[in-house]
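Participant: Hey, dropping model.tsv in here, TSV, C-alpha atoms:
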```
chain	number	residue	atom	x	y	z
A	1	MET	CA	173.50	33.56	89.01
A	2	PHE	CA	171.70	31.93	86.11
A	3	THR	CA	170.68	34.35	83.35
A	4	VAL	CA	168.95	34.08	79.97
A	5	ASN	CA	171.14	35.03	77.01
A	6	SER	CA	168.83	34.63	74.00
A	7	TYR	CA	165.38	35.85	72.97
A	8	ALA	CA	164.22	32.31	72.15
A	9	LEU	CA	165.03	31.09	75.68
A	10	ALA	CA	163.38	34.21	77.13
A	11	VAL	CA	160.17	33.33	75.25
A	12	ILE	CA	160.29	29.78	76.65
A	13	PHE	CA	160.66	31.23	80.15
A	14	CYS	CA	157.68	33.51	79.49
A	15	PHE	CA	155.56	30.55	78.44
A	16	VAL	CA	156.48	28.79	81.69
A	17	THR	CA	155.34	31.99	83.43
A	18	MET	CA	152.05	31.83	81.55
A	19	ILE	CA	151.45	28.22	82.59
A	20	CYS	CA	152.34	28.92	86.22
A	21	TRP	CA	150.25	32.09	86.48
A	22	GLY	CA	147.31	30.30	84.87
A	23	SER	CA	147.57	27.18	87.02
A	24	TRP	CA	148.11	28.22	90.63
A	25	GLY	CA	144.37	28.84	91.03
A	26	ASN	CA	143.79	25.10	90.83
A	27	THR	CA	145.23	24.71	94.31
A	28	GLN	CA	142.59	27.13	95.60
A	29	LYS	CA	139.89	25.13	93.84
A	30	LEU	CA	141.20	21.91	95.42
A	31	VAL	CA	141.09	23.20	98.99
A	32	SER	CA	137.78	25.02	98.50
A	33	SER	CA	136.20	21.64	97.76
A	34	LYS	CA	137.09	20.79	101.38
A	35	ASN	CA	135.27	23.91	102.65
A	36	TRP	CA	138.61	25.64	103.27
A	37	ARG	CA	138.02	29.38	102.96
A	38	TYR	CA	140.11	31.30	100.46
A	39	GLU	CA	141.15	33.75	103.21
A	40	LEU	CA	142.85	30.83	105.01
A	41	PHE	CA	144.22	29.38	101.78
A	42	TYR	CA	145.86	32.70	101.05
A	43	TRP	CA	148.10	32.55	104.13
A	44	ASP	CA	149.58	29.28	102.90
A	45	TYR	CA	149.85	30.70	99.40
A	46	VAL	CA	151.97	33.64	100.63
A	47	LEU	CA	154.15	31.42	102.82
A	48	GLY	CA	154.77	29.14	99.84
A	49	MET	CA	155.80	32.16	97.80
A	50	VAL	CA	158.36	33.29	100.40
A	51	VAL	CA	159.84	29.81	100.93
A	52	PHE	CA	160.19	29.18	97.19
A	53	ALA	CA	161.78	32.60	96.63
A	54	ILE	CA	164.44	31.68	99.20
A	55	ILE	CA	165.02	28.31	97.49
A	56	LEU	CA	165.43	30.03	94.11
A	57	GLY	CA	167.88	32.52	95.62
A	58	PHE	CA	170.18	29.85	97.01
A	59	THR	CA	170.00	27.68	93.87
A	60	LEU	CA	169.63	29.41	90.49
A	61	GLY	CA	170.44	32.77	92.09
A	62	SER	CA	173.77	31.56	93.48
A	63	ILE	CA	175.27	29.47	90.66
A	64	GLY	CA	177.57	30.50	87.83
A	65	SER	CA	179.86	33.49	87.44
A	66	THR	CA	177.42	35.89	85.76
A	67	GLY	CA	176.15	38.90	87.70
A	68	ARG	CA	175.89	39.05	91.48
A	69	SER	CA	174.83	36.02	93.52
A	70	PHE	CA	171.81	36.15	95.83
A	71	ILE	CA	173.26	37.24	99.20
A	72	PRO	CA	175.82	39.78	97.87
A	73	ASP	CA	173.09	41.26	95.71
A	74	LEU	CA	170.83	41.76	98.74
A	75	GLU	CA	173.68	43.23	100.80
A	76	GLN	CA	174.52	45.91	98.22
A	77	ALA	CA	170.92	46.88	97.36
A	78	ALA	CA	169.94	50.52	97.88
A	79	TRP	CA	166.91	51.18	100.06
A	80	SER	CA	165.23	52.97	97.16
A	81	SER	CA	165.43	49.83	95.00
A	82	ILE	CA	164.13	47.68	97.85
A	83	GLY	CA	161.31	50.16	98.44
A	84	TRP	CA	160.13	50.06	94.82
A	85	VAL	CA	160.04	46.25	94.81
A	86	ILE	CA	158.25	46.07	98.17
A	87	LEU	CA	155.68	48.56	96.88
A	88	GLY	CA	155.16	46.27	93.89
A	89	GLY	CA	154.57	43.39	96.30
A	90	VAL	CA	152.04	45.37	98.32
A	91	ILE	CA	150.09	46.39	95.20
A	92	PHE	CA	150.18	42.84	93.86
A	93	ASN	CA	148.93	41.45	97.17
A	94	ALA	CA	145.92	43.76	97.25
A	95	SER	CA	145.04	42.81	93.67
A	96	ASN	CA	145.59	39.09	94.17
A	97	ILE	CA	143.42	38.90	97.30
A	98	LEU	CA	140.64	40.54	95.29
A	99	LEU	CA	141.27	38.11	92.41
A	100	SER	CA	141.05	35.14	94.80
A	101	ALA	CA	137.75	36.53	96.11
A	102	SER	CA	136.40	36.92	92.58
A	103	ILE	CA	137.35	33.30	91.74
A	104	SER	CA	135.44	32.06	94.79
A	105	LEU	CA	132.37	34.05	93.67
A	106	ALA	CA	132.32	33.80	89.88
A	107	GLY	CA	134.41	30.72	89.12
A	108	MET	CA	137.87	30.30	87.62
A	109	ALA	CA	136.79	30.33	83.95
A	110	VAL	CA	135.08	33.72	84.40
A	111	ALA	CA	136.99	35.69	87.05
A	112	PHE	CA	140.53	34.75	86.08
A	113	PRO	CA	140.36	35.68	82.38
A	114	LEU	CA	138.58	38.94	83.18
A	115	GLY	CA	140.85	40.11	86.00
A	116	VAL	CA	144.16	39.03	84.49
A	117	GLY	CA	143.06	40.09	81.00
A	118	ILE	CA	142.49	43.65	82.20
A	119	ALA	CA	145.86	43.51	83.95
A	120	LEU	CA	147.42	42.44	80.65
A	121	VAL	CA	146.02	45.33	78.65
A	122	LEU	CA	146.82	48.08	81.15
A	123	GLY	CA	150.10	46.49	82.26
A	124	VAL	CA	151.53	46.25	78.76
A	125	VAL	CA	150.83	49.94	78.17
A	126	ILE	CA	152.40	50.93	81.50
A	127	ASN	CA	155.48	48.73	81.05
A	128	TYR	CA	155.99	49.74	77.42
A	129	LEU	CA	155.90	53.43	78.33
A	130	GLY	CA	158.41	52.75	81.11
A	131	VAL	CA	160.86	50.64	79.05
A	132	PRO	CA	159.95	50.60	75.31
A	133	SER	CA	160.92	47.32	73.62
A	134	GLY	CA	159.81	45.40	70.54
A	135	ASN	CA	157.52	46.37	67.67
A	136	PRO	CA	154.74	48.51	69.19
A	137	LEU	CA	152.29	47.85	66.32
A	138	LEU	CA	152.47	44.06	66.64
A	139	LEU	CA	152.56	44.28	70.43
A	140	PHE	CA	149.35	46.28	70.67
A	141	ILE	CA	147.61	44.28	67.91
A	142	GLY	CA	148.29	41.25	70.08
A	143	VAL	CA	146.88	43.02	73.12
A	144	GLY	CA	143.82	44.05	71.09
A	145	LEU	CA	143.13	40.42	70.14
A	146	VAL	CA	143.33	39.48	73.81
A	147	VAL	CA	140.79	42.22	74.66
A	148	ILE	CA	138.31	40.74	72.17
A	149	ALA	CA	138.96	37.30	73.65
A	150	ILE	CA	138.10	38.63	77.11
A	151	ILE	CA	134.83	40.06	75.77
A	152	CYS	CA	133.98	36.65	74.24
A	153	ASN	CA	134.58	35.00	77.59
A	154	GLY	CA	132.29	37.48	79.34
A	155	VAL	CA	129.50	37.02	76.78
A	156	ALA	CA	129.80	33.24	77.07
A	157	SER	CA	129.50	33.49	80.85
A	158	GLY	CA	126.39	35.67	80.54
A	159	LYS	CA	124.67	33.01	78.41
A	160	MET	CA	124.97	30.33	81.11
A	161	ASN	CA	121.84	29.54	83.09
A	162	ARG	CA	122.41	30.23	86.77
A	163	SER	CA	120.31	30.38	89.92
A	164	ALA	CA	119.43	33.80	91.32
A	165	GLU	CA	122.03	33.45	94.10
A	166	SER	CA	124.69	32.20	91.67
A	167	ALA	CA	123.97	35.07	89.27
A	168	SER	CA	124.31	37.57	92.12
A	169	ASN	CA	127.64	36.06	93.19
A	170	THR	CA	128.85	36.10	89.60
A	171	ARG	CA	128.02	39.80	89.20
A	172	LYS	CA	129.81	40.60	92.44
A	173	GLY	CA	132.77	38.45	91.36
A	174	ILE	CA	133.00	40.25	88.00
A	175	ILE	CA	133.10	43.69	89.67
A	176	ILE	CA	135.83	42.54	92.08
A	177	ALA	CA	137.78	40.98	89.19
A	178	ILE	CA	137.76	44.30	87.30
A	179	ILE	CA	139.16	46.14	90.34
A	180	ALA	CA	141.76	43.40	90.84
A	181	GLY	CA	142.84	43.66	87.20
A	182	CYS	CA	143.34	47.42	87.38
A	183	LEU	CA	145.53	47.09	90.47
A	184	MET	CA	147.45	44.12	89.09
A	185	SER	CA	148.46	46.10	86.01
A	186	LEU	CA	150.64	48.34	88.20
A	187	PHE	CA	152.78	45.98	90.27
A	188	TYR	CA	155.25	44.80	87.59
A	189	ARG	CA	156.32	48.31	86.68
A	190	PHE	CA	157.27	49.12	90.28
A	191	VAL	CA	159.32	45.93	90.56
A	192	VAL	CA	161.16	46.77	87.32
A	193	MET	CA	162.03	50.21	88.76
A	194	GLY	CA	164.09	48.43	91.43
A	195	MET	CA	165.91	46.12	88.97
A	196	ASP	CA	168.56	46.77	86.34
A	197	VAL	CA	166.76	45.03	83.45
A	198	GLU	CA	169.25	46.43	80.94
A	199	ASN	CA	172.18	44.35	82.16
A	200	PHE	CA	171.82	41.40	84.53
A	201	ALA	CA	175.41	40.31	83.80
A	202	ASN	CA	176.88	43.58	85.13
A	203	PRO	CA	174.04	45.18	87.08
A	204	THR	CA	174.13	48.77	88.28
A	205	PRO	CA	175.31	49.07	91.91
A	206	GLY	CA	172.41	49.50	94.30
A	207	MET	CA	169.84	47.86	92.04
A	208	LEU	CA	168.42	44.36	92.39
A	209	THR	CA	168.59	41.36	90.06
A	210	PRO	CA	165.73	38.86	89.47
A	211	TYR	CA	166.44	36.50	92.38
A	212	SER	CA	166.86	39.16	95.03
A	213	ALA	CA	163.89	41.05	93.56
A	214	ILE	CA	161.50	38.09	93.82
A	215	PHE	CA	162.59	37.56	97.44
A	216	VAL	CA	162.10	41.22	98.41
A	217	PHE	CA	158.82	41.20	96.51
A	218	SER	CA	157.58	38.17	98.47
A	219	ILE	CA	158.48	39.88	101.74
A	220	GLY	CA	156.37	42.86	100.66
A	221	VAL	CA	153.48	40.48	99.98
A	222	LEU	CA	153.90	38.77	103.37
A	223	LEU	CA	154.06	41.99	105.39
A	224	SER	CA	151.05	43.53	103.65
A	225	ASN	CA	149.11	40.31	104.12
A	226	PHE	CA	148.89	40.97	107.85
A	227	VAL	CA	146.85	44.06	106.95
A	228	PHE	CA	144.91	43.10	103.82
A	229	ASN	CA	144.04	39.51	104.62
A	230	THR	CA	143.23	40.29	108.25
A	231	ILE	CA	140.67	42.85	107.05
A	232	VAL	CA	139.17	40.38	104.57
A	233	MET	CA	139.00	37.68	107.26
A	234	ARG	CA	137.03	40.02	109.51
A	235	TYR	CA	134.88	41.51	106.74
A	236	PRO	CA	134.65	38.77	104.06
A	237	PHE	CA	133.15	39.31	100.61
A	238	THR	CA	131.00	36.24	101.12
A	239	GLY	CA	130.18	34.07	104.15
A	240	THR	CA	130.81	34.70	107.83
A	241	PRO	CA	133.99	36.15	109.35
A	242	VAL	CA	136.85	33.69	109.84
A	243	THR	CA	139.39	33.59	112.69
A	244	TYR	CA	143.09	32.80	112.91
A	245	ALA	CA	142.21	29.83	115.11
A	246	ALA	CA	140.47	28.26	112.10
A	247	TYR	CA	143.74	28.39	110.16
A	248	PHE	CA	145.50	26.15	112.68
A	249	ARG	CA	142.71	23.58	112.46
A	250	GLY	CA	143.57	22.87	108.82
A	251	SER	CA	145.20	19.57	107.85
A	252	VAL	CA	148.81	19.28	106.77
A	253	GLY	CA	147.68	18.36	103.25
A	254	THR	CA	145.50	21.47	103.02
A	255	HIS	CA	148.34	23.75	104.12
A	256	LEU	CA	150.80	22.12	101.72
A	257	CYS	CA	148.35	22.51	98.83
A	258	GLY	CA	148.13	26.25	99.49
A	259	MET	CA	151.91	26.54	99.74
A	260	LEU	CA	152.20	24.68	96.43
A	261	GLY	CA	150.01	27.36	94.85
A	262	GLY	CA	152.35	30.08	96.10
A	263	ALA	CA	155.41	28.19	94.89
A	264	ILE	CA	153.90	27.76	91.41
A	265	TRP	CA	153.14	31.48	91.17
A	266	CYS	CA	156.61	32.39	92.48
A	267	LEU	CA	158.33	30.18	89.89
A	268	GLY	CA	156.39	31.84	87.10
A	269	THR	CA	157.14	35.33	88.36
A	270	ALA	CA	160.84	34.64	88.83
A	271	PHE	CA	161.04	33.33	85.25
A	272	SER	CA	159.28	36.48	84.03
A	273	TYR	CA	161.83	38.69	85.81
A	274	ILE	CA	164.71	36.61	84.42
A	275	ALA	CA	163.30	36.79	80.89
A	276	SER	CA	162.75	40.55	81.05
A	277	GLY	CA	166.46	41.18	80.51
A	278	GLU	CA	166.29	39.74	76.97
A	279	ALA	CA	162.63	40.21	76.03
A	280	GLY	CA	162.03	43.56	77.76
A	281	PRO	CA	159.48	44.15	80.56
A	282	ALA	CA	156.49	44.84	78.27
A	283	ILE	CA	156.82	41.67	76.21
A	284	SER	CA	157.81	39.52	79.19
A	285	TYR	CA	154.78	40.75	81.13
A	286	ALA	CA	152.45	40.41	78.14
A	287	LEU	CA	153.40	36.81	77.41
A	288	GLY	CA	153.08	35.81	81.05
A	289	GLN	CA	149.64	37.36	81.18
A	290	GLY	CA	148.46	34.86	78.56
A	291	ALA	CA	147.59	33.00	81.76
A	292	PRO	CA	143.81	33.55	81.34
A	293	MET	CA	143.81	31.09	78.44
A	294	VAL	CA	145.49	28.47	80.63
A	295	ALA	CA	143.10	29.18	83.52
A	296	ALA	CA	140.06	29.04	81.24
A	297	LEU	CA	141.21	25.65	79.93
A	298	TRP	CA	141.44	24.34	83.50
A	299	GLY	CA	138.01	25.77	84.27
A	300	LEU	CA	136.46	24.23	81.16
A	301	TRP	CA	138.02	20.80	81.00
A	302	VAL	CA	138.86	19.97	84.61
A	303	TRP	CA	136.41	21.92	86.76
A	304	LYS	CA	133.51	21.76	84.23
A	305	GLU	CA	132.46	25.35	84.91
A	306	PHE	CA	130.69	25.54	81.52
A	307	LYS	CA	129.04	22.13	81.76
A	308	GLY	CA	125.76	21.98	79.82
A	309	ALA	CA	126.61	25.07	77.76
A	310	SER	CA	124.75	25.76	74.53
A	311	ARG	CA	126.36	25.50	71.10
A	312	ALA	CA	126.59	29.32	70.99
A	313	VAL	CA	128.65	29.31	74.18
A	314	ASP	CA	130.91	26.59	72.77
A	315	TRP	CA	131.53	28.69	69.65
A	316	LEU	CA	132.29	31.78	71.72
A	317	LEU	CA	134.77	29.89	73.88
A	318	GLY	CA	136.45	28.36	70.85
A	319	PHE	CA	136.75	31.80	69.25
A	320	MET	CA	138.17	33.13	72.53
A	321	PHE	CA	141.00	30.59	72.48
A	322	LEU	CA	141.82	31.32	68.83
A	323	LEU	CA	142.03	35.03	69.61
A	324	PHE	CA	144.27	34.40	72.61
A	325	ILE	CA	146.60	32.25	70.51
A	326	GLY	CA	146.70	34.88	67.75
A	327	GLY	CA	147.35	37.63	70.28
A	328	LEU	CA	150.19	35.74	71.94
A	329	ALA	CA	151.74	34.99	68.52
A	330	CYS	CA	151.75	38.71	67.68
A	331	ILE	CA	153.38	39.52	71.01
A	332	VAL	CA	156.12	36.91	70.45
A	333	ILE	CA	156.87	38.21	66.95
A	334	ALA	CA	156.85	41.80	68.22
A	335	GLY	CA	159.95	41.19	70.28
A	336	ASN	CA	161.91	39.22	67.69
```
Show me the file's structure as structure tokens.
Facilitator:
Amino acid sequence: MFTVNSYALAVIFCFVTMICWGSWGNTQKLVSSKNWRYELFYWDYVLGMVVFAIILGFTLGSIGSTGRSFIPDLEQAAWSSIGWVILGGVIFNASNILLSASISLAGMAVAFPLGVGIALVLGVVINYLGVPSGNPLLLFIGVGLVVIAIICNGVASGKMNRSAESASNTRKGIIIAIIAGCLMSLFYRFVVMGMDVENFANPTPGMLTPYSAIFVFSIGVLLSNFVFNTIVMRYPFTGTPVTYAAYFRGSVGTHLCGMLGGAIWCLGTAFSYIASGEAGPAISYALGQGAPMVAALWGLWVWKEFKGASRAVDWLLGFMFLLFIGGLACIVIAGN
């Protein structure tokens, strides 16, 4: 299987993760403009994740002489390792459904930075305590800068003029995003418990490697989706209940767009797992969770979610980006 053998390459992989994690939400925005409910979008998103995980397994996960290739790695995996990774997938799925709901209510530039930013802060602490790596002072200074950036984003959002209904949806979206962020901070640690992140070249028998882990993870997401998403379809956060029959009335283009979103997220996550062997889980996770900056840029420049903002809002958003960049720089240096 393909592995990363230098810290510099691991950082590049983490930046790809950041771009992917911050960009998949655009596919949801695209289909929502066609009145395609996010509950229906999410089925395609999960299917895209599973399909792309299989593709990765039979390509990057099966080439070269390093480590175990995809199928042998799955065959030798202990049920305990598989269980930890599936649990990570279940927790992620619950958090991501809530994050998708918050995006539909509060907008990408508000909900995504808040939810994923909280996941960054809590997740770095959890992953560092599990597998300490890098300079803790620089790592947590970087996280602290990101926290201030999140606050700036929230203040900027509060200064926007909104209708009464829009303001109500935004408040609801912010609450859901906070819950999503808390849950999302947990999933990576459970996945790491099922992988041998210390040595991908000669992994411990019974444990998974990145390519088998992302596949098992995606299966956990798919199985739990029959519970979580079915409940949300019947009792939606906004709008009327939606049926499975509505899903099959979607166009091919709409379904493919949702699957593309899942594939983008899966690529980013796989790269994060691959990079964790060199960078360590805490730093790999922290860099990937710079995604709110990417998402906020999409929301600002492409979706115009802060159109007509005052000069004060512009200054706050500019300061937010500077803080994010400074925080990410500290995190990169912390692992060097």
Participant: Using all atoms listed in the file, which residues of region 69-104 of chain A come within 12 Å of region 259-263 of chain A, and what is the closest atom pair for each, with the distance in Å to one decimal? Give it as a tab-separated table, sorted by chain and residue number.
Facilitator:
```
residue	atom	partner	partner_atom	distance
A:Asn93	CA	A:Gly262	CA	11.9
A:Asn96	CA	A:Gly262	CA	11.4
A:Ser100	CA	A:Gly261	CA	11.9
```
Participant: Give me the region 23-115 of chain A side of the contact with region 236-253 of chain A, cut-off 8 Å, one line per residue showing its nearest atom pair and distance in Å at one decimal, counting only C-alpha atoms, sorted by chain and residue number, as a Markdown table.
Facilitator:
```
| residue | atom | partner | partner_atom | distance |
| --- | --- | --- | --- | --- |
| A:Trp36 | CA | A:Gly250 | CA | 7.9 |
| A:Glu39 | CA | A:Val242 | CA | 7.9 |
| A:Leu40 | CA | A:Tyr247 | CA | 5.8 |
| A:Ala101 | CA | A:Phe237 | CA | 7.0 |
| A:Leu105 | CA | A:Thr238 | CA | 7.9 |
```
Participant: Have a look at A:Cys14, A:Ile174, A:Leu183, A:Ile214 and name the one nearest to Phe92 (chain A); count only C-alpha atoms.
Facilitator: A:Leu183
Participant: Counting only C-alpha atoms, which of A:Ile274, A:Leu323, A:Ala149, A:Ala291 gets nearest to Leu208 (chain A)?
Facilitator: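 The closest residue to Leu208 (chain A) is A:Ile274.
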Participant: For Ile97 (chain A), which residue out of A:Val16, A:Val221, A:Val110, A:Cys152 is the nearest one, using all atoms listed in the file?
Facilitator: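 Smallest distance to Ile97 (chain A) is found for A:Val221.
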Participant: Could you please determine the separation between CA of Val313 (chain A) and CA of Lys159 (chain A) in Å, to one decimal place?
Facilitator: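 Here the two named atoms are 6.9 Å from each other.
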Participant: If we count only C-alpha atoms, what is near region 186-196 of chain A at a cut-off of 6 Å, once residues fewer than 6 positions away on the same chain are taken out, given as number ranges by chain?
Facilitator: A: 81, 84-85, 88, 91-92, 127, 203, 207-209
Participant: In terms of the shortest atom-to-atom distance over only C-alpha atoms, which of A:Ser133, A:Asn199, A:Ser32, A:Thr170 is closest to Val332 (chain A)?
Facilitator: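 Counting only C-alpha atoms, the residue closest to Val332 (chain A) is A:Ser133.
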Participant: So what do you get for CA of Phe215 (chain A) versus CA of Tyr42 (chain A), distance-wise?
Facilitator: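 According to the coordinates, CA of Phe215 (chain A) and CA of Tyr42 (chain A) are separated by 17.8 Å.
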Participant: Can I get N, CA and C atoms for region 127-153 of chain A, as a CSV table (one decimal), in the first residue's frame?
Facilitator:
```csv
chain,number,residue,atom,x,y,z
A,127,ASN,N,-7.3,13.8,21.0
A,127,ASN,CA,-6.3,13.0,20.2
A,127,ASN,C,-4.9,13.2,20.8
A,128,TYR,N,-4.6,14.3,21.3
A,128,TYR,CA,-3.3,14.5,21.9
A,128,TYR,C,-3.2,13.7,23.2
A,129,LEU,N,-4.2,13.7,24.0
A,129,LEU,CA,-4.1,12.9,25.2
A,129,LEU,C,-4.0,11.4,24.9
A,130,GLY,N,-4.6,11.0,23.8
A,130,GLY,CA,-4.6,9.6,23.4
A,130,GLY,C,-3.2,9.2,22.8
A,131,VAL,N,-2.7,10.0,21.9
A,131,VAL,CA,-1.3,9.7,21.3
A,131,VAL,C,-0.6,11.1,21.3
A,132,PRO,N,0.2,11.4,22.3
A,132,PRO,CA,0.9,12.7,22.3
A,132,PRO,C,1.9,12.8,21.2
A,133,SER,N,1.9,13.9,20.5
A,133,SER,CA,2.9,14.1,19.4
A,133,SER,C,3.1,15.6,19.2
A,134,GLY,N,4.3,16.0,18.9
A,134,GLY,CA,4.5,17.4,18.6
A,134,GLY,C,4.7,18.2,19.8
A,135,ASN,N,5.0,19.5,19.6
A,135,ASN,CA,5.2,20.5,20.7
A,135,ASN,C,3.8,20.9,21.2
A,136,PRO,N,3.5,20.6,22.5
A,136,PRO,CA,2.1,20.9,23.0
A,136,PRO,C,1.9,22.4,23.1
A,137,LEU,N,2.9,23.2,23.4
A,137,LEU,CA,2.7,24.6,23.6
A,137,LEU,C,2.3,25.3,22.2
A,138,LEU,N,3.1,25.0,21.2
A,138,LEU,CA,2.7,25.5,19.9
A,138,LEU,C,1.4,25.0,19.4
A,139,LEU,N,1.1,23.7,19.6
A,139,LEU,CA,-0.1,23.1,19.2
A,139,LEU,C,-1.3,23.8,19.8
A,140,PHE,N,-1.3,24.0,21.1
A,140,PHE,CA,-2.4,24.6,21.7
A,140,PHE,C,-2.5,26.1,21.5
A,141,ILE,N,-1.4,26.8,21.3
A,141,ILE,CA,-1.4,28.2,20.8
A,141,ILE,C,-2.2,28.3,19.5
A,142,GLY,N,-1.8,27.4,18.6
A,142,GLY,CA,-2.5,27.3,17.3
A,142,GLY,C,-4.0,27.1,17.5
A,143,VAL,N,-4.4,26.2,18.3
A,143,VAL,CA,-5.8,25.9,18.6
A,143,VAL,C,-6.5,27.1,19.2
A,144,GLY,N,-5.8,27.8,20.1
A,144,GLY,CA,-6.3,29.0,20.7
A,144,GLY,C,-6.6,30.1,19.7
A,145,LEU,N,-5.7,30.3,18.7
A,145,LEU,CA,-5.9,31.3,17.7
A,145,LEU,C,-7.2,30.9,16.8
A,146,VAL,N,-7.4,29.6,16.6
A,146,VAL,CA,-8.5,29.2,15.9
A,146,VAL,C,-9.8,29.5,16.7
A,147,VAL,N,-9.8,29.3,18.0
A,147,VAL,CA,-10.9,29.6,18.8
A,147,VAL,C,-11.3,31.1,18.7
A,148,ILE,N,-10.3,32.0,18.7
A,148,ILE,CA,-10.6,33.4,18.6
A,148,ILE,C,-11.2,33.7,17.2
A,149,ALA,N,-10.7,33.0,16.2
A,149,ALA,CA,-11.2,33.1,14.8
A,149,ALA,C,-12.7,32.7,14.7
A,150,ILE,N,-13.0,31.6,15.4
A,150,ILE,CA,-14.4,31.2,15.5
A,150,ILE,C,-15.3,32.3,16.1
A,151,ILE,N,-14.9,32.9,17.2
A,151,ILE,CA,-15.6,33.9,17.9
A,151,ILE,C,-15.8,35.1,16.9
A,152,CYS,N,-14.8,35.5,16.2
A,152,CYS,CA,-14.9,36.6,15.2
A,152,CYS,C,-16.0,36.3,14.1
A,153,ASN,N,-16.0,35.0,13.7
A,153,ASN,CA,-17.0,34.6,12.7
A,153,ASN,C,-18.4,34.7,13.3
```
